[in-house]
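model-v1.pdb follows; it contains PDB, C-alpha atoms.
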```pdb
ATOM      1  CA  MET H   1      16.932 -14.657  14.282  1.00  0.00           C
ATOM      2  CA  ALA H   2      17.068 -14.653  10.506  1.00  0.00           C
ATOM      3  CA  THR H   3      20.478 -14.109   8.966  1.00  0.00           C
ATOM      4  CA  GLY H   4      22.202 -12.369   6.122  1.00  0.00           C
ATOM      5  CA  VAL H   5      20.088 -11.300   3.191  1.00  0.00           C
ATOM      6  CA  ASP H   6      16.798 -11.858   5.031  1.00  0.00           C
ATOM      7  CA  GLN H   7      17.737  -9.437   7.782  1.00  0.00           C
ATOM      8  CA  ALA H   8      19.004  -6.849   5.286  1.00  0.00           C
ATOM      9  CA  VAL H   9      15.874  -7.043   3.134  1.00  0.00           C
ATOM     10  CA  GLY H  10      13.558  -6.976   6.165  1.00  0.00           C
ATOM     11  CA  MET H  11      15.246  -4.021   7.811  1.00  0.00           C
ATOM     12  CA  SER H  12      15.437  -2.085   4.542  1.00  0.00           C
ATOM     13  CA  LEU H  13      11.682  -2.608   4.072  1.00  0.00           C
ATOM     14  CA  VAL H  14      11.083  -1.250   7.581  1.00  0.00           C
ATOM     15  CA  GLY H  15      13.371   1.733   6.944  1.00  0.00           C
ATOM     16  CA  PHE H  16      11.811   2.498   3.568  1.00  0.00           C
ATOM     17  CA  SER H  17       8.250   2.411   4.867  1.00  0.00           C
ATOM     18  CA  LEU H  18       9.228   4.589   7.849  1.00  0.00           C
ATOM     19  CA  LEU H  19      10.805   7.195   5.540  1.00  0.00           C
ATOM     20  CA  LEU H  20       7.791   7.110   3.236  1.00  0.00           C
ATOM     21  CA  PHE H  21       5.409   7.553   6.176  1.00  0.00           C
ATOM     22  CA  ILE H  22       7.343  10.498   7.640  1.00  0.00           C
ATOM     23  CA  TYR H  23       7.708  12.269   4.268  1.00  0.00           C
ATOM     24  CA  TYR H  24       4.031  11.794   3.393  1.00  0.00           C
ATOM     25  CA  SER H  25       2.892  12.910   6.859  1.00  0.00           C
ATOM     26  CA  ILE H  26       4.906  16.118   6.690  1.00  0.00           C
ATOM     27  CA  TRP H  27       3.623  16.726   3.147  1.00  0.00           C
ATOM     28  CA  VAL H  28      -0.075  16.276   3.967  1.00  0.00           C
ATOM     29  CA  ILE H  29      -0.425  17.401   7.588  1.00  0.00           C
ATOM     30  CA  ILE H  30       2.387  19.761   8.566  1.00  0.00           C
ATOM     31  CA  LEU H  31       3.078  21.798   5.400  1.00  0.00           C
ATOM     32  CA  PRO H  32      -0.335  23.594   5.256  1.00  0.00           C
ATOM     33  CA  PHE H  33       0.478  25.151   8.631  1.00  0.00           C
ATOM     34  CA  MET H  34       3.845  26.526   7.497  1.00  0.00           C
ATOM     35  CA  ASP H  35       4.147  29.988   5.942  1.00  0.00           C
ATOM     36  CA  ARG H  36       4.554  30.106   2.189  1.00  0.00           C
ATOM     37  CA  ASP H  37       8.179  31.341   2.479  1.00  0.00           C
ATOM     38  CA  HIS H  38       9.354  28.717   5.030  1.00  0.00           C
ATOM     39  CA  VAL H  39      12.483  26.848   3.854  1.00  0.00           C
ATOM     40  CA  LEU H  40      10.746  23.457   4.287  1.00  0.00           C
ATOM     41  CA  HIS H  41       8.525  24.040   1.245  1.00  0.00           C
ATOM     42  CA  LYS H  42      11.608  23.741  -0.976  1.00  0.00           C
ATOM     43  CA  TYR H  43      11.809  19.988  -0.366  1.00  0.00           C
ATOM     44  CA  PHE H  44       8.219  19.138  -1.295  1.00  0.00           C
ATOM     45  CA  LEU H  45       6.306  19.124  -4.583  1.00  0.00           C
ATOM     46  CA  PRO H  46       3.057  21.107  -4.892  1.00  0.00           C
ATOM     47  CA  ARG H  47       0.292  19.512  -2.847  1.00  0.00           C
ATOM     48  CA  GLU H  48      -1.734  18.291  -5.823  1.00  0.00           C
ATOM     49  CA  TYR H  49       1.006  15.692  -6.339  1.00  0.00           C
ATOM     50  CA  SER H  50       0.362  14.250  -2.874  1.00  0.00           C
ATOM     51  CA  VAL H  51      -2.884  12.838  -4.332  1.00  0.00           C
ATOM     52  CA  ILE H  52      -1.749  12.184  -7.912  1.00  0.00           C
ATOM     53  CA  LEU H  53       1.398  10.169  -7.055  1.00  0.00           C
ATOM     54  CA  PRO H  54      -0.314   7.544  -4.834  1.00  0.00           C
ATOM     55  CA  GLY H  55      -3.047   7.305  -7.472  1.00  0.00           C
ATOM     56  CA  ILE H  56      -0.464   6.565 -10.176  1.00  0.00           C
ATOM     57  CA  ALA H  57       1.240   4.004  -7.893  1.00  0.00           C
ATOM     58  CA  ALA H  58      -2.087   2.232  -7.337  1.00  0.00           C
ATOM     59  CA  VAL H  59      -2.790   2.145 -11.089  1.00  0.00           C
ATOM     60  CA  ILE H  60       0.681   0.700 -11.787  1.00  0.00           C
ATOM     61  CA  LEU H  61       0.172  -1.955  -9.107  1.00  0.00           C
ATOM     62  CA  LEU H  62      -3.164  -2.992 -10.595  1.00  0.00           C
ATOM     63  CA  LEU H  63      -1.603  -3.047 -14.081  1.00  0.00           C
ATOM     64  CA  CYS H  64       1.166  -5.393 -12.902  1.00  0.00           C
ATOM     65  CA  ILE H  65      -1.289  -7.773 -11.226  1.00  0.00           C
ATOM     66  CA  GLY H  66      -3.579  -7.736 -14.254  1.00  0.00           C
ATOM     67  CA  THR H  67      -0.709  -8.281 -16.702  1.00  0.00           C
ATOM     68  CA  PHE H  68       0.643 -11.234 -14.743  1.00  0.00           C
ATOM     69  CA  THR H  69      -2.823 -12.825 -14.589  1.00  0.00           C
ATOM     70  CA  ALA H  70      -3.381 -12.232 -18.315  1.00  0.00           C
ATOM     71  CA  VAL H  71       0.008 -13.722 -19.262  1.00  0.00           C
ATOM     72  CA  VAL H  72      -0.554 -16.887 -17.209  1.00  0.00           C
ATOM     73  CA  MET H  73      -4.091 -17.317 -18.540  1.00  0.00           C
ATOM     74  CA  TRP H  74      -2.881 -16.759 -22.108  1.00  0.00           C
ATOM     75  CA  LYS H  75      -0.192 -19.418 -21.806  1.00  0.00           C
ATOM     76  CA  ASN H  76      -2.776 -21.932 -20.606  1.00  0.00           C
ATOM     77  CA  ARG H  77      -5.542 -21.450 -23.125  1.00  0.00           C
ATOM     78  CA  LYS H  78      -6.714 -24.638 -24.785  1.00  0.00           C
ATOM     79  CA  PRO H  79      -8.154 -24.647 -28.320  1.00  0.00           C
ATOM     80  CA  LYS H  80     -11.850 -25.521 -28.442  1.00  0.00           C
ATOM     81  CA  LYS H  81     -12.630 -29.106 -29.352  1.00  0.00           C
ATOM     82  CA  VAL H  82     -14.203 -29.583 -32.801  1.00  0.00           C
ATOM     83  CA  ASP H  83     -16.813 -32.342 -33.045  1.00  0.00           C
TER      84      ASP H  83
ATOM     85  CA  MET O   1     -25.111  -5.354  17.367  1.00  0.00           C
ATOM     86  CA  THR O   2     -22.821  -7.390  15.137  1.00  0.00           C
ATOM     87  CA  LYS O   3     -19.186  -6.518  14.472  1.00  0.00           C
ATOM     88  CA  LEU O   4     -20.053  -5.641  10.899  1.00  0.00           C
ATOM     89  CA  LEU O   5     -22.679  -3.144  12.014  1.00  0.00           C
ATOM     90  CA  GLU O   6     -20.202  -1.634  14.481  1.00  0.00           C
ATOM     91  CA  TRP O   7     -17.583  -1.146  11.769  1.00  0.00           C
ATOM     92  CA  VAL O   8     -20.084   0.222   9.244  1.00  0.00           C
ATOM     93  CA  GLY O   9     -21.410   2.623  11.881  1.00  0.00           C
ATOM     94  CA  GLY O  10     -17.901   3.807  12.740  1.00  0.00           C
ATOM     95  CA  VAL O  11     -17.016   4.313   9.071  1.00  0.00           C
ATOM     96  CA  LEU O  12     -20.260   6.253   8.506  1.00  0.00           C
ATOM     97  CA  VAL O  13     -19.616   8.565  11.451  1.00  0.00           C
ATOM     98  CA  LEU O  14     -16.029   9.270  10.388  1.00  0.00           C
ATOM     99  CA  GLY O  15     -17.077   9.670   6.753  1.00  0.00           C
ATOM    100  CA  ALA O  16     -19.781  12.156   7.733  1.00  0.00           C
ATOM    101  CA  ALA O  17     -17.333  14.177   9.817  1.00  0.00           C
ATOM    102  CA  TRP O  18     -14.841  14.223   6.913  1.00  0.00           C
ATOM    103  CA  ALA O  19     -17.503  15.246   4.384  1.00  0.00           C
ATOM    104  CA  LEU O  20     -18.720  18.025   6.702  1.00  0.00           C
ATOM    105  CA  VAL O  21     -15.246  19.540   6.897  1.00  0.00           C
ATOM    106  CA  THR O  22     -14.230  18.973   3.260  1.00  0.00           C
ATOM    107  CA  PHE O  23     -17.393  20.085   1.457  1.00  0.00           C
ATOM    108  CA  ASP O  24     -18.439  22.690   4.032  1.00  0.00           C
ATOM    109  CA  LEU O  25     -21.947  21.235   4.329  1.00  0.00           C
ATOM    110  CA  LEU O  26     -22.839  23.256   7.420  1.00  0.00           C
ATOM    111  CA  ASP O  27     -21.177  26.515   6.277  1.00  0.00           C
ATOM    112  CA  LEU O  28     -19.009  26.634   9.373  1.00  0.00           C
ATOM    113  CA  SER O  29     -16.449  28.992   7.729  1.00  0.00           C
ATOM    114  CA  LEU O  30     -13.416  27.053   9.003  1.00  0.00           C
ATOM    115  CA  PRO O  31      -9.960  28.480   8.290  1.00  0.00           C
ATOM    116  CA  GLN O  32      -8.678  27.386   4.876  1.00  0.00           C
ATOM    117  CA  THR O  33      -5.731  25.437   6.356  1.00  0.00           C
ATOM    118  CA  TYR O  34      -8.057  23.015   8.196  1.00  0.00           C
ATOM    119  CA  LYS O  35      -9.897  22.244   4.968  1.00  0.00           C
ATOM    120  CA  GLU O  36      -6.576  21.750   3.180  1.00  0.00           C
ATOM    121  CA  VAL O  37      -5.479  19.223   5.801  1.00  0.00           C
ATOM    122  CA  ALA O  38      -8.846  17.420   5.969  1.00  0.00           C
ATOM    123  CA  TRP O  39      -9.610  16.614   2.359  1.00  0.00           C
ATOM    124  CA  PRO O  40      -6.744  14.175   1.608  1.00  0.00           C
ATOM    125  CA  MET O  41      -7.452  12.300   4.876  1.00  0.00           C
ATOM    126  CA  PRO O  42      -8.927   9.079   3.377  1.00  0.00           C
ATOM    127  CA  LEU O  43      -5.960   8.751   1.011  1.00  0.00           C
ATOM    128  CA  TYR O  44      -3.548   9.548   3.847  1.00  0.00           C
ATOM    129  CA  LEU O  45      -5.058   6.803   6.022  1.00  0.00           C
ATOM    130  CA  LEU O  46      -4.711   4.364   3.129  1.00  0.00           C
ATOM    131  CA  VAL O  47      -1.046   5.265   2.613  1.00  0.00           C
ATOM    132  CA  THR O  48      -0.423   4.947   6.372  1.00  0.00           C
ATOM    133  CA  PHE O  49      -2.018   1.499   6.403  1.00  0.00           C
ATOM    134  CA  GLY O  50       0.121   0.477   3.417  1.00  0.00           C
ATOM    135  CA  CYS O  51       3.305   1.678   5.146  1.00  0.00           C
ATOM    136  CA  TYR O  52       2.349  -0.149   8.349  1.00  0.00           C
ATOM    137  CA  SER O  53       1.725  -3.390   6.419  1.00  0.00           C
ATOM    138  CA  LEU O  54       5.057  -3.069   4.596  1.00  0.00           C
ATOM    139  CA  ALA O  55       6.911  -2.393   7.865  1.00  0.00           C
ATOM    140  CA  THR O  56       5.253  -5.378   9.592  1.00  0.00           C
ATOM    141  CA  VAL O  57       6.131  -7.732   6.729  1.00  0.00           C
ATOM    142  CA  GLY O  58       9.715  -6.431   6.649  1.00  0.00           C
ATOM    143  CA  TYR O  59      10.158  -6.705  10.415  1.00  0.00           C
ATOM    144  CA  ARG O  60       8.813 -10.248  10.520  1.00  0.00           C
ATOM    145  CA  VAL O  61      11.048 -11.267   7.617  1.00  0.00           C
ATOM    146  CA  ALA O  62      14.042  -9.887   9.520  1.00  0.00           C
ATOM    147  CA  THR O  63      13.220 -11.573  12.850  1.00  0.00           C
ATOM    148  CA  PHE O  64      11.956 -14.955  11.650  1.00  0.00           C
ATOM    149  CA  ASN O  65      14.123 -17.867  12.815  1.00  0.00           C
ATOM    150  CA  ASP O  66      15.925 -19.823  10.128  1.00  0.00           C
ATOM    151  CA  CYS O  67      14.857 -23.472   9.892  1.00  0.00           C
ATOM    152  CA  GLU O  68      17.353 -25.298   7.697  1.00  0.00           C
ATOM    153  CA  GLU O  69      15.534 -28.647   7.437  1.00  0.00           C
ATOM    154  CA  ALA O  70      12.140 -27.125   6.794  1.00  0.00           C
ATOM    155  CA  ALA O  71      13.680 -24.981   4.041  1.00  0.00           C
ATOM    156  CA  LYS O  72      15.187 -28.009   2.284  1.00  0.00           C
ATOM    157  CA  GLU O  73      11.941 -29.943   2.635  1.00  0.00           C
ATOM    158  CA  LEU O  74      10.010 -27.018   1.181  1.00  0.00           C
ATOM    159  CA  GLN O  75      12.347 -26.800  -1.839  1.00  0.00           C
ATOM    160  CA  GLU O  76      11.798 -30.511  -2.471  1.00  0.00           C
ATOM    161  CA  GLN O  77       8.047 -30.106  -2.286  1.00  0.00           C
ATOM    162  CA  ILE O  78       8.150 -27.116  -4.658  1.00  0.00           C
ATOM    163  CA  LYS O  79      10.079 -29.192  -7.195  1.00  0.00           C
ATOM    164  CA  GLU O  80       7.594 -32.060  -6.862  1.00  0.00           C
ATOM    165  CA  ALA O  81       4.629 -29.722  -7.270  1.00  0.00           C
ATOM    166  CA  LYS O  82       6.139 -28.104 -10.381  1.00  0.00           C
ATOM    167  CA  GLU O  83       6.752 -31.528 -11.952  1.00  0.00           C
ATOM    168  CA  ASP O  84       3.245 -32.631 -11.138  1.00  0.00           C
ATOM    169  CA  LEU O  85       1.664 -29.522 -12.613  1.00  0.00           C
ATOM    170  CA  ARG O  86       3.866 -29.682 -15.701  1.00  0.00           C
ATOM    171  CA  LYS O  87       2.700 -33.252 -16.297  1.00  0.00           C
ATOM    172  CA  LYS O  88      -0.884 -32.083 -16.034  1.00  0.00           C
ATOM    173  CA  GLY O  89      -0.243 -29.360 -18.567  1.00  0.00           C
ATOM    174  CA  LEU O  90       0.055 -26.049 -16.697  1.00  0.00           C
ATOM    175  CA  LYS O  91       2.775 -23.763 -18.087  1.00  0.00           C
ATOM    176  CA  ILE O  92       4.245 -20.947 -16.016  1.00  0.00           C
TER     177      ILE O  92
END
```
Have the structure of the file written as structure tokens, please.
Amino acid sequence: MATGVDQAVGMSLVGFSLLLFIYYSIWVIILPFMDRDHVLHKYFLPREYSVILPGIAAVILLLCIGTFTAVVMWKNRKPKKVD
Amino acid sequence: MTKLLEWVGGVLVLGAAWALVTFDLLDLSLPQTYKEVAWPMPLYLLVTFGCYSLATVGYRVATFNDCEEAAKELQEQIKEAKEDLRKKGLKI
């Protein structure tokens, strides 16, 4: 078994993804079947955000990957040889 | 029937079913709640897959056995590789 920090990080990843899955599932699948005045609606944003927020997350992820690639490529550019 | 054709066929069938419900192509007059649940389905499946991947990575990090010697050896090799690349001119 892994020890210490590894276990903590691993288990917190599992817990975080479980929470995210449950919250998103309730948001997308269960809320439309609840009446408008049910108390559960208080804890969730309007449903448009259930599409916009993952979209923004995906854009940020792509930006980070692209920025890292650009920075590494920039640091390794070589000036063209002049004959 | 290759695996690729199987997968493409499956995706096409599911995609057609989703499009039928979301865009009301057959004018089935489904209740509004079913349409509201159906249209984010592709995104929902993607988020579910992402959560499952994250959970699997986390679980395997937590249950992987520590190997002290292999860890030291790996650190040595990382140092060697960095030196080698630095000599050849790569800057990180």
Give one line per residue of chain H that approaches chain O to at most 8 Å, naming the two atoms of the closest pair and their distance in Å to one decimal, counting only C-alpha atoms; sort by chain then ascending residue number and deliver it as a Markdown table.
```
| residue | atom | partner | partner_atom | distance |
| --- | --- | --- | --- | --- |
| H:Met1 | CA | O:Asn65 | CA | 4.5 |
| H:Ala2 | CA | O:Asn65 | CA | 4.9 |
| H:Thr3 | CA | O:Asp66 | CA | 7.4 |
| H:Asp6 | CA | O:Ala62 | CA | 5.6 |
| H:Gln7 | CA | O:Ala62 | CA | 4.1 |
| H:Ala8 | CA | O:Ala62 | CA | 7.2 |
| H:Val9 | CA | O:Gly58 | CA | 7.1 |
| H:Gly10 | CA | O:Gly58 | CA | 3.9 |
| H:Met11 | CA | O:Gly58 | CA | 6.1 |
| H:Ser12 | CA | O:Gly58 | CA | 7.5 |
| H:Leu13 | CA | O:Gly58 | CA | 5.0 |
| H:Val14 | CA | O:Ala55 | CA | 4.3 |
| H:Gly15 | CA | O:Ala55 | CA | 7.7 |
| H:Ser17 | CA | O:Cys51 | CA | 5.0 |
| H:Leu18 | CA | O:Cys51 | CA | 7.1 |
| H:Leu20 | CA | O:Cys51 | CA | 7.3 |
| H:Phe21 | CA | O:Cys51 | CA | 6.3 |
| H:Tyr24 | CA | O:Tyr44 | CA | 7.9 |
| H:Ser25 | CA | O:Tyr44 | CA | 7.9 |
| H:Val28 | CA | O:Val37 | CA | 6.4 |
| H:Ile29 | CA | O:Val37 | CA | 5.7 |
| H:Pro32 | CA | O:Thr33 | CA | 5.8 |
| H:Phe33 | CA | O:Thr33 | CA | 6.6 |
| H:Val51 | CA | O:Pro40 | CA | 7.2 |
| H:Pro54 | CA | O:Val47 | CA | 7.8 |
| H:Val72 | CA | O:Ile92 | CA | 6.4 |
| H:Lys75 | CA | O:Lys91 | CA | 6.4 |
| H:Asn76 | CA | O:Leu90 | CA | 6.3 |
```
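Here CA of Trp74 (chain H) stands at a distance of 23.1 Å from CA of Ile78 (chain O).
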Self-check item: Distance of CA of Trp27 (chain H) from CA of Leu40 (chain H), expressed in Å to one decimal place
Solution: 9.9 Å
Quiz item: Given the choices H:Leu45, H:Cys64, H:Leu19, H:Leu53, which gets closest to Leu31 (chain H) if the distance is worked out from only C-alpha atoms?
Solution: H:Leu45
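The interatomic distance for the pair CA of Tyr23 (chain H) and CA of Tyr49 (chain H) works out to 13.0 Å.
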Could you give me the axis-aligned bounding box of region 63-80 of chain H, with 8 Å of padding per side, as centre plus edge lengths in Å to one decimal, as JSON?
```
{"center_x": -5.3, "center_y": -14.3, "center_z": -19.8, "size_x": 29.0, "size_y": 38.5, "size_z": 33.2}
```
